[in-house]
Each structure stands twice: as structure tokens, then as C-alpha cells.
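Here is upload.txt, consisting of compact mmCIF, C-alpha atoms:
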# COMPACT_ATOMS: atom_id res chain seq x y z
CA MET A 1 44.72 24.51 18.74
CA VAL A 2 44.11 20.82 19.26
CA GLY A 3 42.09 21.66 22.35
CA ASN A 4 39.89 24.04 20.36
CA HIS A 5 39.29 21.36 17.73
CA VAL A 6 38.32 18.84 20.42
CA ARG A 7 35.95 21.33 22.04
CA ASN A 8 34.37 22.20 18.68
CA THR A 9 33.89 18.52 17.88
CA ARG A 10 32.40 17.86 21.30
CA GLY A 11 30.07 20.85 20.92
CA THR A 12 28.94 19.61 17.50
CA LEU A 13 28.20 16.13 18.87
CA ILE A 14 26.25 17.60 21.80
CA LYS A 15 24.17 19.74 19.44
CA MET A 16 23.46 16.72 17.22
CA PHE A 17 22.41 14.68 20.24
CA ARG A 18 20.10 17.44 21.47
CA ARG A 19 18.44 17.65 18.07
CA ARG A 20 17.78 13.91 18.16
CA ILE A 21 16.32 13.85 21.68
CA PRO A 22 12.71 14.59 20.51
CA THR A 23 13.01 11.77 17.95
CA LEU A 24 14.32 9.30 20.53
CA VAL A 25 11.60 10.23 23.02
CA THR A 26 8.90 9.86 20.35
CA VAL A 27 10.18 6.43 19.27
CA VAL A 28 10.33 5.19 22.88
CA LEU A 29 6.81 6.42 23.60
CA LEU A 30 5.46 4.78 20.43
CA LEU A 31 7.09 1.47 21.36
CA VAL A 32 5.70 1.63 24.89
CA VAL A 33 2.17 2.43 23.66
CA TRP A 34 2.44 -0.28 20.99
CA GLU A 35 3.58 -2.90 23.51
CA ALA A 36 0.89 -1.95 26.03
CA TRP A 37 -1.89 -1.93 23.42
CA VAL A 38 -1.01 -5.39 22.07
CA ARG A 39 -0.77 -6.91 25.54
CA LEU A 40 -3.82 -5.26 27.08
CA ALA A 41 -6.03 -5.77 24.02
CA HIS A 42 -4.75 -9.35 23.54
CA VAL A 43 -4.09 -8.73 19.85
CA PRO A 44 -3.02 -11.96 18.10
CA ALA A 45 0.64 -12.03 17.01
CA THR A 46 -0.51 -13.10 13.55
CA MET A 47 -2.14 -9.69 13.16
CA ILE A 48 0.06 -7.20 15.02
CA PRO A 49 3.00 -8.53 17.07
CA SER A 50 4.36 -6.53 19.98
CA PRO A 51 7.84 -4.93 19.79
CA SER A 52 9.14 -7.53 22.26
CA GLU A 53 7.83 -10.37 20.06
CA ILE A 54 9.44 -8.80 17.01
CA ALA A 55 12.75 -8.46 18.86
CA GLN A 56 12.58 -12.06 20.05
CA ALA A 57 11.78 -13.33 16.56
CA THR A 58 14.66 -11.31 15.11
CA VAL A 59 17.15 -12.75 17.59
CA GLU A 60 15.91 -16.32 17.12
CA THR A 61 16.05 -16.19 13.32
CA TRP A 62 19.19 -14.08 13.00
CA PRO A 63 21.34 -16.99 11.67
CA THR A 64 19.12 -17.07 8.58
CA LEU A 65 18.05 -13.41 8.56
CA TRP A 66 21.61 -12.07 8.32
CA PRO A 67 22.54 -14.04 5.14
CA ALA A 68 19.37 -12.72 3.50
CA THR A 69 20.29 -9.20 4.63
CA ARG A 70 23.76 -9.51 3.12
CA ILE A 71 22.30 -10.36 -0.29
CA THR A 72 19.99 -7.34 -0.24
CA LEU A 73 22.86 -5.19 1.03
CA LEU A 74 25.02 -6.27 -1.89
CA GLU A 75 22.33 -5.70 -4.49
CA GLY A 76 21.26 -2.35 -3.07
CA SER A 77 24.76 -1.00 -2.45
CA VAL A 78 26.19 -1.92 -5.85
CA GLY A 79 23.03 -0.73 -7.59
CA PHE A 80 23.15 2.53 -5.64
CA LEU A 81 26.77 3.20 -6.60
CA LEU A 82 25.91 2.55 -10.25
CA ALA A 83 22.87 4.84 -9.94
CA VAL A 84 25.02 7.65 -8.53
CA MET A 85 27.64 7.39 -11.28
CA LEU A 86 25.18 6.94 -14.13
CA GLY A 87 22.76 9.52 -12.75
CA ILE A 88 25.42 12.23 -12.55
CA LEU A 89 26.85 11.37 -15.98
CA ILE A 90 23.40 11.31 -17.60
CA GLY A 91 22.52 14.58 -15.87
CA ILE A 92 25.69 16.21 -17.23
CA LEU A 93 24.97 14.86 -20.72
CA LEU A 94 21.39 16.15 -20.73
CA TYR A 95 22.55 19.51 -19.38
CA CYS A 96 25.24 19.92 -22.03
CA SER A 97 23.22 18.73 -25.03
CA ARG A 98 19.79 20.08 -25.87
CA ILE A 99 19.36 17.32 -28.47
CA ALA A 100 20.16 14.61 -25.90
CA ASN A 101 17.83 16.29 -23.42
CA SER A 102 14.95 16.36 -25.88
CA ALA A 103 15.60 12.78 -27.00
CA LEU A 104 16.39 11.01 -23.72
CA PHE A 105 14.75 12.88 -20.85
CA PRO A 106 11.17 11.86 -21.78
CA LEU A 107 12.33 8.24 -22.06
CA LEU A 108 14.08 8.48 -18.69
CA SER A 109 10.92 9.91 -17.13
CA ALA A 110 8.78 7.19 -18.72
CA ALA A 111 11.08 4.49 -17.32
CA GLN A 112 10.39 5.76 -13.80
CA THR A 113 6.61 5.58 -14.24
CA MET A 114 6.65 1.87 -15.02
CA PRO A 115 5.69 -0.24 -11.99
CA LEU A 116 8.36 -2.65 -10.86
CA ILE A 117 5.97 -5.59 -11.15
CA SER A 118 5.60 -4.98 -14.88
CA ILE A 119 9.30 -5.04 -15.77
CA ALA A 120 10.55 -7.59 -13.22
CA PRO A 121 9.43 -10.56 -15.39
CA LEU A 122 11.57 -9.20 -18.23
CA PHE A 123 14.63 -9.04 -15.98
CA LEU A 124 13.91 -12.58 -14.83
CA ILE A 125 13.96 -13.68 -18.48
CA TRP A 126 17.14 -11.74 -19.22
CA PHE A 127 19.13 -12.34 -16.01
CA GLY A 128 17.34 -15.26 -14.38
CA PHE A 129 17.29 -15.36 -10.59
CA GLU A 130 20.84 -14.04 -10.27
CA ILE A 131 21.91 -11.02 -8.23
CA SER A 132 22.99 -9.11 -11.35
CA GLY A 133 19.38 -8.61 -12.45
CA LYS A 134 18.43 -7.04 -9.12
CA ILE A 135 21.44 -4.73 -9.27
CA VAL A 136 20.37 -3.50 -12.70
CA ILE A 137 16.80 -2.89 -11.50
CA VAL A 138 18.03 -0.96 -8.46
CA ALA A 139 20.35 1.16 -10.62
CA ILE A 140 17.62 1.99 -13.14
CA PHE A 141 15.10 3.01 -10.49
CA GLY A 142 17.71 4.90 -8.45
CA LEU A 143 19.36 7.08 -11.10
CA PHE A 144 16.37 9.25 -12.08
CA PRO A 145 16.29 11.63 -9.06
CA ILE A 146 20.09 11.96 -9.23
CA ALA A 147 20.00 12.82 -12.94
CA VAL A 148 17.18 15.33 -12.46
CA GLN A 149 18.89 17.07 -9.55
CA THR A 150 22.17 17.15 -11.48
CA ILE A 151 20.45 18.94 -14.37
CA ARG A 152 18.64 21.37 -12.07
CA GLY A 153 21.75 22.00 -10.00
CA LEU A 154 23.85 22.83 -13.05
CA GLU A 155 21.13 25.06 -14.48
CA ALA A 156 20.91 26.94 -11.18
CA VAL A 157 24.63 27.80 -11.05
CA PRO A 158 24.99 31.61 -11.35
CA THR A 159 26.69 32.60 -14.61
CA PHE A 160 29.36 34.68 -12.87
CA TYR A 161 31.06 31.50 -11.65
CA SER A 162 31.75 30.28 -15.18
CA ASP A 163 32.42 33.83 -16.41
CA VAL A 164 35.23 34.27 -13.90
CA ALA A 165 36.73 30.85 -14.72
CA LEU A 166 36.60 31.48 -18.47
CA THR A 167 38.06 34.95 -18.06
CA CYS A 168 40.99 33.43 -16.18
CA GLY A 169 41.71 31.12 -19.13
CA ALA A 170 39.86 27.96 -18.11
CA THR A 171 38.24 25.82 -20.77
CA ARG A 172 34.51 25.14 -20.77
CA THR A 173 35.14 21.48 -19.95
CA TRP A 174 37.36 22.37 -16.99
CA THR A 175 34.81 24.93 -15.83
CA LEU A 176 32.04 22.35 -15.97
CA TRP A 177 33.90 19.71 -13.95
CA HIS A 178 35.72 21.94 -11.46
CA VAL A 179 33.39 24.92 -11.02
CA LYS A 180 29.80 24.22 -12.01
CA LEU A 181 29.66 20.71 -10.55
CA ARG A 182 31.20 21.96 -7.30
CA VAL A 183 28.60 24.71 -6.98
CA ALA A 184 25.77 22.33 -7.93
CA ALA A 185 27.02 19.56 -5.63
CA ARG A 186 24.61 20.37 -2.78
CA GLN A 187 21.61 19.98 -5.04
CA ILE A 188 23.05 16.81 -6.58
CA TYR A 189 23.38 15.39 -3.08
CA GLY A 190 19.68 16.11 -2.61
CA GLY A 191 18.95 13.71 -5.47
CA ILE A 192 21.37 11.16 -4.04
CA ARG A 193 19.54 11.27 -0.70
CA VAL A 194 16.18 10.76 -2.41
CA SER A 195 17.59 7.75 -4.25
CA ALA A 196 19.18 6.31 -1.10
CA ALA A 197 15.87 6.52 0.77
CA TYR A 198 14.26 3.70 -1.24
CA ILE A 199 17.19 1.80 -2.72
CA TYR A 200 17.04 -1.24 -0.40
CA ALA A 201 13.25 -1.34 -0.50
CA THR A 202 13.50 -1.53 -4.30
CA ALA A 203 16.02 -4.38 -4.02
CA ALA A 204 13.78 -6.31 -1.60
CA THR A 205 10.75 -5.80 -3.84
CA ALA A 206 12.67 -7.06 -6.86
CA GLU A 207 13.72 -10.12 -4.83
CA TYR A 208 10.12 -10.72 -3.78
CA LEU A 209 9.13 -10.94 -7.44
CA GLY A 210 11.81 -13.51 -8.20
CA ALA A 211 15.20 -14.32 -6.68
CA ARG A 212 17.25 -17.05 -5.02
CA GLY A 213 17.69 -15.19 -1.74
CA GLY A 214 17.51 -11.87 0.06
CA LEU A 215 15.07 -10.06 2.29
CA GLY A 216 12.42 -10.19 -0.42
CA ILE A 217 12.47 -14.00 -0.36
CA TRP A 218 12.53 -13.83 3.45
CA LEU A 219 9.40 -11.66 3.43
CA GLN A 220 7.71 -14.00 0.99
CA ALA A 221 8.44 -17.03 3.18
CA ALA A 222 7.24 -15.21 6.30
CA TYR A 223 4.02 -14.17 4.56
CA ASN A 224 3.34 -17.67 3.23
CA SER A 225 3.76 -19.15 6.72
CA PHE A 226 1.73 -16.37 8.44
CA ARG A 227 4.72 -15.48 10.68
CA THR A 228 3.91 -11.82 11.07
CA PRO A 229 6.77 -11.00 13.52
CA LEU A 230 9.27 -12.05 10.85
CA ILE A 231 7.67 -9.66 8.37
CA PHE A 232 8.27 -6.84 10.84
CA SER A 233 11.81 -8.09 11.47
CA ALA A 234 12.71 -7.87 7.78
CA THR A 235 10.99 -4.50 7.49
CA LEU A 236 12.98 -3.10 10.41
CA ILE A 237 16.20 -4.44 8.90
CA ILE A 238 15.43 -2.60 5.65
CA ILE A 239 14.74 0.58 7.60
CA ALA A 240 17.96 0.16 9.58
CA ILE A 241 20.26 -0.40 6.60
CA THR A 242 18.58 2.46 4.75
CA GLY A 243 19.28 4.69 7.76
CA VAL A 244 22.93 3.64 7.71
CA LEU A 245 23.17 4.44 4.00
CA MET A 246 21.60 7.86 4.57
CA CYS A 247 24.15 8.56 7.32
CA LEU A 248 26.98 7.55 4.99
CA VAL A 249 25.63 9.86 2.28
CA ASN A 250 25.45 12.75 4.75
CA LEU A 251 28.95 11.96 6.02
CA SER A 252 30.38 11.89 2.50
CA GLU A 253 28.74 15.23 1.76
CA ARG A 254 30.26 16.76 4.85
CA VAL A 255 33.72 15.33 4.08
CA LEU A 256 33.68 16.38 0.41
CA LEU A 257 31.82 19.69 0.67
CA GLY A 258 32.17 20.72 4.28
CA ALA A 259 29.41 21.92 6.59
CA ALA A 260 26.25 23.28 5.01
CA GLY A 261 27.10 26.88 5.85
CA SER A 262 30.58 26.71 4.32
CA ASP A 263 29.27 27.46 0.82
CA ASP A 264 28.71 31.12 1.65
CA ASP A 265 32.32 31.82 0.68
CA PRO A 266 33.91 28.98 -1.34
CA ASP A 267 37.35 30.59 -1.05
CA ALA A 268 37.26 30.96 2.72
CA GLY A 269 40.35 29.62 4.38
CA GLN A 270 42.40 29.53 1.16

Encoding of this model in C-alpha cells:
Amino acid sequence: MVGNHVRNTRGTLIKMFRRRIPTLVTVVLLLVVWEAWVRLAHVPATMIPSPSEIAQATVETWPTLWPATRITLLEGSVGFLLAVMLGILIGILLYCSRIANSALFPLLSAAQTMPLISIAPLFLIWFGFEISGKIVIVAIFGLFPIAVQTIRGLEAVPTFYSDVALTCGATRTWTLWHVKLRVAARQIYGGIRVSAAYIYATAATAEYLGARGGLGIWLQAAYNSFRTPLIFSATLIIIAITGVLMCLVNLSERVLLGAAGSDDDPDAGQ
């Protein structure tokens, strides 16, 4: 039995690797073409640096780049966790109460249409240059897709799920938390992934508009000194940590809900 589990795991890893081969090949080809174009066309590093120049700049400035990354990581991660919790709770509230939905959903939608540059000065006044203000901004901008997908996921749950639970003696509250949310979880995770995709970029942008440290301040300093390779370095770091967060979200979904195809029969294996 252990041998079968090992073989299944190995087969899954091989399939995942094969699916990623086209992506890896495309990235390598793009880097090669990029490097060759910059070198052969003698493009100035202040305009477009080559991948090797970006890598060299990243290594040389890592002692200062990593502390900035840790600040953005902290702001984005804490803000993301708050966005997930608040987004799901707000989504449940708006699903359960028509009055709350009518009163709050338009305001929630309006909050997402406001550009960050217009509300960042207010957060600077309220929170100063501290990390707490950036965490609040990240949470506010990250909860909307989670709340929306929570509402849509709960509304899409077939009625027979709750009918069976209620017939068996379950309360409506128990049915909501243990049945409807479980069935809607895949769609909720869709909103979580959307939020995770831009959470660190939001944190860096908020830092750029006013902070004591972080990748946003790093980008601002690189721009002011015309050190274009460092701008790419910070950008790649944001992409990398966002990719890690997306992988963690996918891993948590698989651990909590199982493989995507396992929802065909929720009672399978019980």
C-alpha cells in the first residue's frame, strides 16, 4: 500500500513537471532572446538591462534588497490573511441578509473603484508611515474578490444539499457552515487566488506613495537614481513572492478540499 502511494505521488509529480515544460522552455527562450537583443543592439542599461545585468545587480544589492522584501512580505501576508477572513465573513453576511447586501455591497464595490493614489494620503494622515497603514490598505483592496466569490459560491450551491441536511435535523446555521460553505469552497478559493495575484504589488504601491521601507521605497530610490536594473530586481522579487503565495494557496486548497476531481462525490471514501 505504501508502494502504491509512492508510485501515485511520483506519477503526480511527473505529470506536473510535464505540464510545466512548455512554460520553462518559453521562459528560457525569452531570456536568451532578451540577452542577445540587448547585447547585439547595444541597448543602454539605463533603458533596458539584460537578464545577466539584472541578476548581477540583484546579487550585489541583496544585503539591502532582502530587508526591503521582508517588510513588503510582512505587509502583504498579514493584509492577505485579514482580507481572506474579512472577505469570507462579509460574503457570508451579505449572502444571509438582503438588507445588508443592499446597504453594503454598493459601498464595497465603490471602495474598489477608488484609485490607490487617492486614498493613500488619508492613510498616511491616519497611520503615518508605519506598517499598519499598509496592512489595512492591502486588506481593503484584497477582500473584495473574496467577498464576491463567497456570495456567488453560496448562491450557486444546489438546494438539495441544504434540504438533506435540514431533513436530517441540522440547523440552518450548521448547514451554512458545514454544508454550503464546503460546497462553495472551490469558488471561494477562486476569489482568494484573484486576491493573492496582486496583494504584494498593492503593498509595494502603497509603500511607494509613503513608507519608511519596503520594495516600494526601494523602487522609488532606484527610479530617482536611474538604476534601471534595480527596478527590474524589485519587480522580479514581487513576481517571485507572489508566485510562492499562489503556490501556498493552491496547496492549502488541495490539503483542505482534496484534488479538483474529488468533489464529484463528497462522500467517497467515507

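Proximity to Leu219 of chain A was assessed for A:Gly79, A:Leu65, A:Ile140, A:Ala110 counting all atoms listed in the file; the smallest distance is recorded for A:Leu65.
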
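Every protein, DNA or RNA residue with an atom at most 10 Å from Leu73 of chain A, where only C-alpha atoms count and chain neighbours fewer than 5 positions away do not, is listed here: Pro67, Ala68, Val78, Gly79, Ile199, Tyr200, Ala203, Ala204, Gly214, Leu215, Ile238, Ile241 and Thr242 of chain A.
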
Would you tabulate, counting all atoms listed in the file, all residues of segment 34-102 of chain A that have an atom at most 12 Å from an atom of segment 126-131 of chain A, showing the closest pair of atoms and their distance in Å to one decimal, sorted by chain then ascending number, as a tab-separated table?
residue	atom	partner	partner_atom	distance
A:Arg70	CA	A:Ile131	CA	11.6
A:Ile71	CA	A:Ile131	CA	8.0
A:Thr72	CA	A:Ile131	CA	9.0
A:Leu73	CA	A:Ile131	CA	11.0
A:Leu74	CA	A:Ile131	CA	8.5
A:Glu75	CA	A:Ile131	CA	6.5
A:Gly76	CA	A:Ile131	CA	10.1
A:Ser77	CA	A:Ile131	CA	11.9
A:Val78	CA	A:Ile131	CA	10.3
A:Gly79	CA	A:Ile131	CA	10.4

- Message: Give me the residues near Val157 of chain A as a list in words, where near means some atom within 7 Å (using only C-alpha atoms) and where sequence neighbours in that chain fewer than 4 positions away do not count.
- Response: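 In the requested form, the answer reads Gly153, Lys180, Val183 and Ala184 of chain A.
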
- Note on the structure: note - atom CA of Gly190 of chain A and atom CA of Ile14 of chain A are separated by 25.3 Å

- Task: Provide the atom CA of Lys134 of chain A to atom CA of Ala206 of chain A distance in Å, to one decimal place.
- Result: 6.2 Å

- Calculate how many Å separate atom CA of Leu82 of chain A from atom CA of Pro145 of chain A, rounding to one decimal. 13.3 Å

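Comparing A:Pro115, A:Pro229, A:Gly210, A:Gly142 by their smallest distance to Ala196 of chain A, the closest is A:Gly142 (using only C-alpha atoms).
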